[in-house]
$ cat data-v8.cif   # mmCIF, C-alpha atoms, pLDDT in the B column; chains and numbers go by the auth columns
data_input
#
loop_
_atom_site.group_PDB
_atom_site.id
_atom_site.type_symbol
_atom_site.label_atom_id
_atom_site.label_comp_id
_atom_site.label_asym_id
_atom_site.label_seq_id
_atom_site.Cartn_x
_atom_site.Cartn_y
_atom_site.Cartn_z
_atom_site.B_iso_or_equiv
_atom_site.auth_seq_id
_atom_site.auth_asym_id
ATOM 1 C CA MET A 1 68.507 10.289 112.025 63.00 1385 A
ATOM 2 C CA GLN A 2 71.370 8.114 110.811 76.00 1386 A
ATOM 3 C CA THR A 3 74.032 9.905 112.808 89.00 1387 A
ATOM 4 C CA HIS A 4 76.041 8.410 115.642 89.00 1388 A
ATOM 5 C CA LEU A 5 74.212 10.582 118.163 91.00 1389 A
ATOM 6 C CA GLY A 6 70.782 9.986 116.669 93.00 1390 A
ATOM 7 C CA LEU A 7 71.201 6.205 116.697 95.00 1391 A
ATOM 8 C CA LEU A 8 72.670 6.332 120.204 94.00 1392 A
ATOM 9 C CA VAL A 9 69.634 8.258 121.449 95.00 1393 A
ATOM 10 C CA LEU A 10 67.254 5.836 119.702 96.00 1394 A
ATOM 11 C CA PHE A 11 69.075 2.805 121.140 96.00 1395 A
ATOM 12 C CA ALA A 12 69.087 4.351 124.621 97.00 1396 A
ATOM 13 C CA ALA A 13 65.355 5.070 124.362 97.00 1397 A
ATOM 14 C CA PHE A 14 64.529 1.463 123.407 97.00 1398 A
ATOM 15 C CA VAL A 15 66.704 -0.145 126.082 97.00 1399 A
ATOM 16 C CA SER A 16 65.696 2.302 128.827 97.00 1400 A
ATOM 17 C CA THR A 17 62.012 1.729 128.119 97.00 1401 A
ATOM 18 C CA ILE A 18 62.344 -2.051 128.353 97.00 1402 A
ATOM 19 C CA PHE A 19 64.452 -2.007 131.531 97.00 1403 A
ATOM 20 C CA ALA A 20 62.228 0.575 133.232 97.00 1404 A
ATOM 21 C CA VAL A 21 59.045 -1.382 132.515 97.00 1405 A
ATOM 22 C CA LEU A 22 60.684 -4.698 133.356 96.00 1406 A
ATOM 23 C CA LEU A 23 62.366 -3.707 136.621 95.00 1407 A
ATOM 24 C CA ARG A 24 59.835 -1.298 138.145 95.00 1408 A
ATOM 25 C CA ASP A 25 56.144 -1.828 138.847 93.00 1409 A
ATOM 26 C CA GLU A 26 54.764 1.635 139.613 94.00 1410 A
ATOM 27 C CA PRO A 27 54.338 4.075 136.685 94.00 1411 A
ATOM 28 C CA ARG A 28 56.114 6.897 138.521 96.00 1412 A
ATOM 29 C CA ALA A 29 59.069 4.667 139.432 97.00 1413 A
ATOM 30 C CA GLN A 30 59.201 3.398 135.839 96.00 1414 A
ATOM 31 C CA LEU A 31 59.342 6.953 134.528 97.00 1415 A
ATOM 32 C CA ARG A 32 62.053 8.001 136.967 97.00 1416 A
ATOM 33 C CA PHE A 33 64.175 4.889 136.420 97.00 1417 A
ATOM 34 C CA GLY A 34 63.745 5.074 132.640 97.00 1418 A
ATOM 35 C CA ALA A 35 64.754 8.741 132.537 97.00 1419 A
ATOM 36 C CA THR A 36 67.799 8.080 134.747 98.00 1420 A
ATOM 37 C CA LEU A 37 68.877 5.153 132.596 97.00 1421 A
ATOM 38 C CA PHE A 38 68.357 7.106 129.389 97.00 1422 A
ATOM 39 C CA GLY A 39 70.397 10.024 130.725 97.00 1423 A
ATOM 40 C CA ALA A 40 73.168 7.705 131.913 97.00 1424 A
ATOM 41 C CA PHE A 41 73.328 6.059 128.484 95.00 1425 A
ATOM 42 C CA VAL A 42 73.537 9.318 126.535 96.00 1426 A
ATOM 43 C CA ILE A 43 75.759 11.264 128.913 96.00 1427 A
ATOM 44 C CA GLY A 44 78.009 8.237 129.517 96.00 1428 A
ATOM 45 C CA ALA A 45 78.478 7.636 125.789 93.00 1429 A
ATOM 46 C CA VAL A 46 79.188 11.288 125.044 92.00 1430 A
ATOM 47 C CA ALA A 47 81.633 11.453 127.979 95.00 1431 A
ATOM 48 C CA ALA A 48 83.393 8.261 126.848 93.00 1432 A
ATOM 49 C CA GLY A 49 83.622 9.642 123.307 90.00 1433 A
ATOM 50 C CA TRP A 50 85.047 12.906 124.603 92.00 1434 A
ATOM 51 C CA LEU A 51 87.653 11.053 126.693 94.00 1435 A
ATOM 52 C CA MET A 52 88.708 9.020 123.649 92.00 1436 A
ATOM 53 C CA LEU A 53 89.116 12.112 121.493 90.00 1437 A
ATOM 54 C CA PRO A 54 92.928 12.416 122.031 90.00 1438 A
ATOM 55 C CA LEU A 55 93.487 8.749 121.138 87.00 1439 A
ATOM 56 C CA PRO A 56 94.771 8.000 117.624 85.00 1440 A
ATOM 57 C CA LEU A 57 92.370 6.239 115.240 71.00 1441 A
ATOM 58 C CA MET B 1 47.960 -5.984 141.143 45.00 306 B
ATOM 59 C CA ARG B 2 50.398 -8.717 142.098 47.00 307 B
ATOM 60 C CA ALA B 3 47.574 -10.974 143.345 44.00 308 B
ATOM 61 C CA THR B 4 45.790 -10.479 140.026 44.00 309 B
ATOM 62 C CA THR B 5 48.970 -11.364 138.222 45.00 310 B
ATOM 63 C CA ILE B 6 49.421 -14.677 139.954 47.00 311 B
ATOM 64 C CA GLU B 7 45.718 -15.418 139.597 47.00 312 B
ATOM 65 C CA GLY B 8 45.888 -14.733 135.871 51.00 313 B
ATOM 66 C CA ALA B 9 48.649 -17.268 135.338 57.00 314 B
ATOM 67 C CA GLN B 10 47.406 -19.788 137.886 61.00 315 B
ATOM 68 C CA GLY B 11 47.066 -23.337 136.648 74.00 316 B
ATOM 69 C CA THR B 12 49.153 -22.723 133.561 83.00 317 B
ATOM 70 C CA ASN B 13 52.479 -24.422 133.148 89.00 318 B
ATOM 71 C CA PRO B 14 55.236 -21.772 133.408 91.00 319 B
ATOM 72 C CA LEU B 15 56.979 -23.475 130.499 93.00 320 B
ATOM 73 C CA VAL B 16 53.984 -22.797 128.243 94.00 321 B
ATOM 74 C CA ILE B 17 53.915 -19.151 129.315 94.00 322 B
ATOM 75 C CA ALA B 18 57.677 -18.839 128.747 95.00 323 B
ATOM 76 C CA LEU B 19 57.281 -20.363 125.284 95.00 324 B
ATOM 77 C CA ALA B 20 54.477 -17.906 124.449 95.00 325 B
ATOM 78 C CA ALA B 21 56.593 -15.056 125.834 96.00 326 B
ATOM 79 C CA TRP B 22 59.473 -16.062 123.584 96.00 327 B
ATOM 80 C CA LEU B 23 57.367 -16.472 120.449 97.00 328 B
ATOM 81 C CA ILE B 24 55.420 -13.222 120.869 97.00 329 B
ATOM 82 C CA PRO B 25 57.227 -10.522 122.871 97.00 330 B
ATOM 83 C CA GLY B 26 55.019 -9.491 125.790 96.00 331 B
ATOM 84 C CA ALA B 27 52.635 -12.437 125.490 96.00 332 B
ATOM 85 C CA GLY B 28 53.785 -13.920 128.805 95.00 333 B
ATOM 86 C CA HIS B 29 52.986 -10.723 130.702 95.00 334 B
ATOM 87 C CA LEU B 30 49.666 -10.275 128.912 95.00 335 B
ATOM 88 C CA TRP B 31 48.798 -13.875 129.834 93.00 336 B
ATOM 89 C CA SER B 32 49.750 -13.178 133.448 92.00 337 B
ATOM 90 C CA GLY B 33 47.475 -10.138 133.600 92.00 338 B
ATOM 91 C CA GLN B 34 50.168 -7.450 133.366 94.00 339 B
ATOM 92 C CA ARG B 35 48.635 -5.662 130.407 95.00 340 B
ATOM 93 C CA PHE B 36 50.691 -2.469 130.438 96.00 341 B
ATOM 94 C CA LYS B 37 54.016 -4.303 130.614 96.00 342 B
ATOM 95 C CA GLY B 38 52.880 -6.801 127.985 96.00 343 B
ATOM 96 C CA LEU B 39 51.784 -4.077 125.577 97.00 344 B
ATOM 97 C CA VAL B 40 55.032 -2.133 125.997 97.00 345 B
ATOM 98 C CA PHE B 41 57.072 -5.267 125.250 97.00 346 B
ATOM 99 C CA LEU B 42 54.774 -6.141 122.337 97.00 347 B
ATOM 100 C CA VAL B 43 55.357 -2.748 120.718 97.00 348 B
ATOM 101 C CA VAL B 44 58.919 -1.784 121.683 97.00 349 B
ATOM 102 C CA LEU B 45 60.817 -5.058 121.138 98.00 350 B
ATOM 103 C CA PRO B 46 59.571 -5.760 117.583 97.00 351 B
ATOM 104 C CA ALA B 47 60.067 -2.048 116.805 97.00 352 B
ATOM 105 C CA MET B 48 63.687 -2.282 117.935 97.00 353 B
ATOM 106 C CA PHE B 49 64.170 -5.470 115.894 97.00 354 B
ATOM 107 C CA ALA B 50 62.606 -3.848 112.801 97.00 355 B
ATOM 108 C CA THR B 51 64.767 -0.754 113.255 96.00 356 B
ATOM 109 C CA GLY B 52 67.845 -2.995 113.282 96.00 357 B
ATOM 110 C CA LEU B 53 66.778 -4.610 110.023 96.00 358 B
ATOM 111 C CA ALA B 54 66.051 -1.203 108.495 95.00 359 B
ATOM 112 C CA LEU B 55 69.593 -0.172 109.445 95.00 360 B
ATOM 113 C CA GLN B 56 70.937 -3.046 107.286 94.00 361 B
ATOM 114 C CA GLY B 57 71.544 -5.330 110.250 95.00 362 B
ATOM 115 C CA ARG B 58 72.123 -9.002 109.576 94.00 363 B
ATOM 116 C CA LEU B 59 70.378 -12.103 110.896 95.00 364 B
ATOM 117 C CA PHE B 60 73.423 -14.251 111.575 94.00 365 B
ATOM 118 C CA PRO B 61 73.547 -17.914 110.503 93.00 366 B
ATOM 119 C CA PHE B 62 74.165 -20.769 112.929 92.00 367 B
ATOM 120 C CA GLU B 63 77.813 -21.415 112.107 90.00 368 B
ATOM 121 C CA LEU B 64 79.338 -23.496 114.862 89.00 369 B
ATOM 122 C CA GLN B 65 82.787 -23.075 113.312 92.00 370 B
ATOM 123 C CA GLN B 66 82.534 -19.404 114.254 92.00 371 B
ATOM 124 C CA PRO B 67 81.349 -19.337 117.882 93.00 372 B
ATOM 125 C CA LEU B 68 80.699 -15.579 117.988 94.00 373 B
ATOM 126 C CA VAL B 69 78.535 -15.785 114.866 94.00 374 B
ATOM 127 C CA ALA B 70 76.627 -18.696 116.401 95.00 375 B
ATOM 128 C CA LEU B 71 76.084 -16.717 119.616 96.00 376 B
ATOM 129 C CA ALA B 72 74.814 -13.748 117.597 96.00 377 B
ATOM 130 C CA ALA B 73 72.422 -16.129 115.808 96.00 378 B
ATOM 131 C CA VAL B 74 71.070 -17.342 119.168 96.00 379 B
ATOM 132 C CA ALA B 75 70.583 -13.717 120.264 97.00 380 B
ATOM 133 C CA ASP B 76 68.787 -12.920 116.985 96.00 381 B
ATOM 134 C CA LEU B 77 66.472 -15.887 117.516 96.00 382 B
ATOM 135 C CA GLY B 78 65.593 -14.556 120.977 97.00 383 B
ATOM 136 C CA ILE B 79 62.996 -12.200 119.496 97.00 384 B
ATOM 137 C CA GLY B 80 60.748 -15.146 118.482 96.00 385 B
ATOM 138 C CA VAL B 81 58.156 -14.869 115.703 97.00 386 B
ATOM 139 C CA PRO B 82 59.488 -11.576 114.256 96.00 387 B
ATOM 140 C CA TYR B 83 62.720 -13.459 113.478 96.00 388 B
ATOM 141 C CA PHE B 84 60.844 -16.081 111.462 96.00 389 B
ATOM 142 C CA ILE B 85 58.784 -13.404 109.683 96.00 390 B
ATOM 143 C CA ALA B 86 61.975 -11.554 108.743 96.00 391 B
ATOM 144 C CA LYS B 87 63.524 -14.794 107.485 94.00 392 B
ATOM 145 C CA ALA B 88 60.393 -15.625 105.473 95.00 393 B
ATOM 146 C CA LEU B 89 60.496 -12.161 103.875 95.00 394 B
ATOM 147 C CA SER B 90 64.208 -12.586 103.121 93.00 395 B
ATOM 148 C CA LEU B 91 65.068 -9.647 105.343 94.00 396 B
ATOM 149 C CA GLY B 92 68.187 -9.455 107.472 88.00 397 B
ATOM 150 C CA GLY B 93 70.665 -10.124 104.682 89.00 398 B
ATOM 151 C CA GLY B 94 72.775 -7.307 106.058 86.00 399 B
ATOM 152 C CA SER B 95 75.019 -5.045 104.065 86.00 400 B
ATOM 153 C CA VAL B 96 78.584 -4.843 105.350 90.00 401 B
ATOM 154 C CA LEU B 97 79.150 -1.792 103.158 90.00 402 B
ATOM 155 C CA ALA B 98 76.315 0.155 104.792 90.00 403 B
ATOM 156 C CA VAL B 99 77.429 2.775 107.300 91.00 404 B
ATOM 157 C CA THR B 100 74.730 1.586 109.695 92.00 405 B
ATOM 158 C CA TYR B 101 75.566 -2.156 109.427 94.00 406 B
ATOM 159 C CA GLU B 102 77.062 -2.503 112.914 94.00 407 B
ATOM 160 C CA TYR B 103 74.335 -0.339 114.423 94.00 408 B
ATOM 161 C CA GLY B 104 71.731 -2.558 112.784 95.00 409 B
ATOM 162 C CA ASN B 105 73.383 -5.697 114.165 96.00 410 B
ATOM 163 C CA THR B 106 73.434 -4.147 117.628 96.00 411 B
ATOM 164 C CA PHE B 107 69.735 -3.262 117.512 97.00 412 B
ATOM 165 C CA VAL B 108 68.745 -6.733 116.263 97.00 413 B
ATOM 166 C CA ILE B 109 70.935 -8.635 118.735 97.00 414 B
ATOM 167 C CA VAL B 110 69.972 -6.518 121.746 97.00 415 B
ATOM 168 C CA ALA B 111 66.254 -6.772 120.894 98.00 416 B
ATOM 169 C CA GLY B 112 66.581 -10.572 120.989 97.00 417 B
ATOM 170 C CA LEU B 113 68.532 -10.555 124.249 98.00 418 B
ATOM 171 C CA LEU B 114 66.057 -8.169 125.890 98.00 419 B
ATOM 172 C CA ASN B 115 63.214 -10.455 124.878 97.00 420 B
ATOM 173 C CA LEU B 116 65.035 -13.363 126.548 97.00 421 B
ATOM 174 C CA LEU B 117 65.161 -11.272 129.743 97.00 422 B
ATOM 175 C CA VAL B 118 61.431 -10.614 129.389 97.00 423 B
ATOM 176 C CA VAL B 119 60.883 -14.369 128.974 97.00 424 B
ATOM 177 C CA CYS B 120 62.740 -15.016 132.262 96.00 425 B
ATOM 178 C CA ASP B 121 60.538 -12.436 133.994 96.00 426 B
ATOM 179 C CA ALA B 122 57.378 -14.014 132.551 95.00 427 B
ATOM 180 C CA TRP B 123 58.612 -17.414 133.792 94.00 428 B
ATOM 181 C CA ASP B 124 59.109 -16.026 137.307 93.00 429 B
ATOM 182 C CA LEU B 125 55.635 -14.464 137.246 92.00 430 B
ATOM 183 C CA ALA B 126 54.048 -17.711 136.125 91.00 431 B
ATOM 184 C CA ALA B 127 55.933 -19.706 138.741 90.00 432 B
ATOM 185 C CA GLY B 128 54.727 -17.304 141.465 87.00 433 B
ATOM 186 C CA ARG B 129 58.226 -16.122 142.353 84.00 434 B
ATOM 187 C CA LYS B 130 57.368 -12.441 141.757 76.00 435 B
#
$ encode --input "data-v8.cif" --output "structure tokens"
Amino acid sequence: MQTHLGLLVLFAAFVSTIFAVLLRDEPRAQLRFGATLFGAFVIGAVAAGWLMLPLPL
Amino acid sequence: MRATTIEGAQGTNPLVIALAAWLIPGAGHLWSGQRFKGLVFLVVLPAMFATGLALQGRLFPFELQQPLVALAAVADLGIGVPYFIAKALSLGGGSVLAVTYEYGNTFVIVAGLLNLLVVCDAWDLAAGRK
């Protein structure tokens, strides 16, 4: 689990859960918002990583 | 549900509810009658904090000479009682050499900051603004 991707997914799950429950009141809206946020976190991070690939360390 | 929420917190000083919400993540929402939200905060925020400590994250000291370290310490403290438990158990020493050190710091700091957001929400609920 201690890989970049694994920890990213875990972090995204924690933060998405809190924001979804905090910002939405209905269970269905919480689920939808949480899933969207989680997807945005993971896809956004992977996309940003991919874009940075050509950059020197 | 909203009427129940306001009723549940009625007559209680919002400051007291905010203090409870800070000390025990989710306590403010539980007090205000929002059981599901309160339980989620009660489980997820301490779990995130504990994960950060397990990843060798550090509980930063209050060093005013280093403003960023002091800010991180304030964020760490945002989680409430779990912070004091970790301190009492001598956890949160952090290991700079650990591969997961920065990840751990991020988990611990963000857990504290998220709890501060939850405290603000509990305050608004108690004050009847939501």
$ closest_atom_pairs --input "data-v8.cif" --of "chain B" --to "chain A" --cutoff "8 Å" --atoms "only C-alpha atoms" --output "tab-separated table"
residue	atom	partner	partner_atom	distance
B:Lys342	CA	A:Val1405	CA	6.1
B:Val345	CA	A:Ile1402	CA	7.7
B:Phe346	CA	A:Ile1402	CA	6.9
B:Val349	CA	A:Phe1398	CA	6.7
B:Leu350	CA	A:Phe1398	CA	7.8
B:Met353	CA	A:Phe1398	CA	6.7
B:Thr405	CA	A:Gln1386	CA	7.4
B:Tyr408	CA	A:Leu1391	CA	7.6
B:Phe412	CA	A:Phe1395	CA	7.1
B:Leu419	CA	A:Ile1402	CA	7.6
B:Val423	CA	A:Leu1406	CA	7.2
B:Asp426	CA	A:Leu1406	CA	7.8
$ residues_near_point --input "data-v8.cif" --point "(71.3, -9.6, 121.2)" --cutoff "9 Å" --atoms "all atoms listed in the file" --output "ChimeraX atom specification"
/B:376-384,410-420
$ atom_distance --input "data-v8.cif" --atom1 "atom CA of B:Gly343" --atom2 "atom CA of B:Leu328"
13.1 Å
$ atom_distance --input "data-v8.cif" --atom1 "atom CA of B:Ser337" --atom2 "atom CA of B:Leu430"
7.1 Å
$ atom_distance --input "data-v8.cif" --atom1 "atom CA of A:Glu1410" --atom2 "atom CA of B:Asp429"
18.3 Å
$ resolve_selection --input "data-v8.cif" --expression "the PyMOL selection byres ((chain A and resi 1419-1427) around 7)" --output "ChimeraX atom specification"
/A:1393,1396-1397,1400,1415-1418,1428-1431
$ residues_around --input "data-v8.cif" --residues "B:Cys425" --least-positions-apart "5" --cutoff "12 Å" --atoms "only C-alpha atoms" --output "list in words"
Leu1406 of chain A; Pro319, Leu320, Ile322, Ala323, Leu324, Ala325, Ala326, Trp327, Pro330, Gly331, Gly333, His334, Gly383, Leu418, Leu419, Asn420, Leu430, Ala431, Ala432, Arg434 and Lys435 of chain B
$ decode --input "data-v8.cif" --residues "stretch 414-425 of chain B" --atoms "all heavy atoms" --output "compact mmCIF listing (two decimals), in the first residue's frame"
# COMPACT_ATOMS: atom_id res chain seq x y z
N ILE B 414 -1.57 16.70 8.89
CA ILE B 414 -1.91 18.12 8.78
C ILE B 414 -3.30 18.29 8.17
O ILE B 414 -4.13 19.07 8.68
CB ILE B 414 -0.85 18.86 7.93
CG1 ILE B 414 0.45 18.99 8.73
CG2 ILE B 414 -1.35 20.23 7.48
CD1 ILE B 414 1.63 19.51 7.94
N VAL B 415 -3.59 17.56 7.11
CA VAL B 415 -4.89 17.71 6.45
C VAL B 415 -6.03 17.21 7.35
O VAL B 415 -7.11 17.80 7.36
CB VAL B 415 -4.90 17.00 5.07
CG1 VAL B 415 -6.28 17.00 4.46
CG2 VAL B 415 -3.93 17.71 4.13
N ALA B 416 -5.78 16.16 8.13
CA ALA B 416 -6.82 15.69 9.06
C ALA B 416 -7.17 16.80 10.05
O ALA B 416 -8.35 17.05 10.33
CB ALA B 416 -6.33 14.45 9.81
N GLY B 417 -6.16 17.50 10.56
CA GLY B 417 -6.41 18.61 11.49
C GLY B 417 -7.15 19.75 10.83
O GLY B 417 -8.10 20.29 11.40
N LEU B 418 -6.76 20.09 9.61
CA LEU B 418 -7.42 21.20 8.91
C LEU B 418 -8.87 20.85 8.56
O LEU B 418 -9.76 21.69 8.66
CB LEU B 418 -6.64 21.57 7.64
CG LEU B 418 -5.26 22.18 7.88
CD1 LEU B 418 -4.53 22.39 6.57
CD2 LEU B 418 -5.38 23.51 8.62
N LEU B 419 -9.09 19.59 8.16
CA LEU B 419 -10.47 19.17 7.85
C LEU B 419 -11.33 19.24 9.10
O LEU B 419 -12.50 19.63 9.04
CB LEU B 419 -10.48 17.75 7.27
CG LEU B 419 -10.03 17.62 5.82
CD1 LEU B 419 -9.93 16.13 5.42
CD2 LEU B 419 -10.98 18.33 4.87
N ASN B 420 -10.75 18.86 10.24
CA ASN B 420 -11.54 18.94 11.48
C ASN B 420 -11.89 20.40 11.80
O ASN B 420 -12.98 20.67 12.31
CB ASN B 420 -10.82 18.29 12.65
CG ASN B 420 -11.75 18.11 13.84
OD1 ASN B 420 -12.89 17.69 13.68
ND2 ASN B 420 -11.29 18.45 15.04
N LEU B 421 -10.99 21.32 11.50
CA LEU B 421 -11.30 22.74 11.73
C LEU B 421 -12.47 23.19 10.84
O LEU B 421 -13.30 23.99 11.26
CB LEU B 421 -10.07 23.61 11.52
CG LEU B 421 -8.95 23.40 12.55
CD1 LEU B 421 -7.74 24.28 12.22
CD2 LEU B 421 -9.42 23.67 13.97
N LEU B 422 -12.52 22.67 9.62
CA LEU B 422 -13.66 22.95 8.74
C LEU B 422 -14.96 22.39 9.34
O LEU B 422 -16.00 23.04 9.31
CB LEU B 422 -13.45 22.31 7.37
CG LEU B 422 -12.82 23.14 6.26
CD1 LEU B 422 -12.75 22.31 4.99
CD2 LEU B 422 -13.63 24.40 6.01
N VAL B 423 -14.86 21.18 9.87
CA VAL B 423 -16.02 20.54 10.50
C VAL B 423 -16.47 21.35 11.71
O VAL B 423 -17.67 21.50 11.95
CB VAL B 423 -15.67 19.07 10.89
CG1 VAL B 423 -16.75 18.47 11.76
CG2 VAL B 423 -15.47 18.23 9.64
N VAL B 424 -15.51 21.90 12.45
CA VAL B 424 -15.84 22.74 13.61
C VAL B 424 -16.63 23.97 13.14
O VAL B 424 -17.64 24.34 13.77
CB VAL B 424 -14.56 23.18 14.36
CG1 VAL B 424 -14.86 24.26 15.38
CG2 VAL B 424 -13.91 21.98 15.04
N CYS B 425 -16.19 24.60 12.06
CA CYS B 425 -16.90 25.78 11.53
C CYS B 425 -18.34 25.42 11.14
O CYS B 425 -19.27 26.18 11.40
CB CYS B 425 -16.18 26.35 10.31
SG CYS B 425 -14.58 27.06 10.71
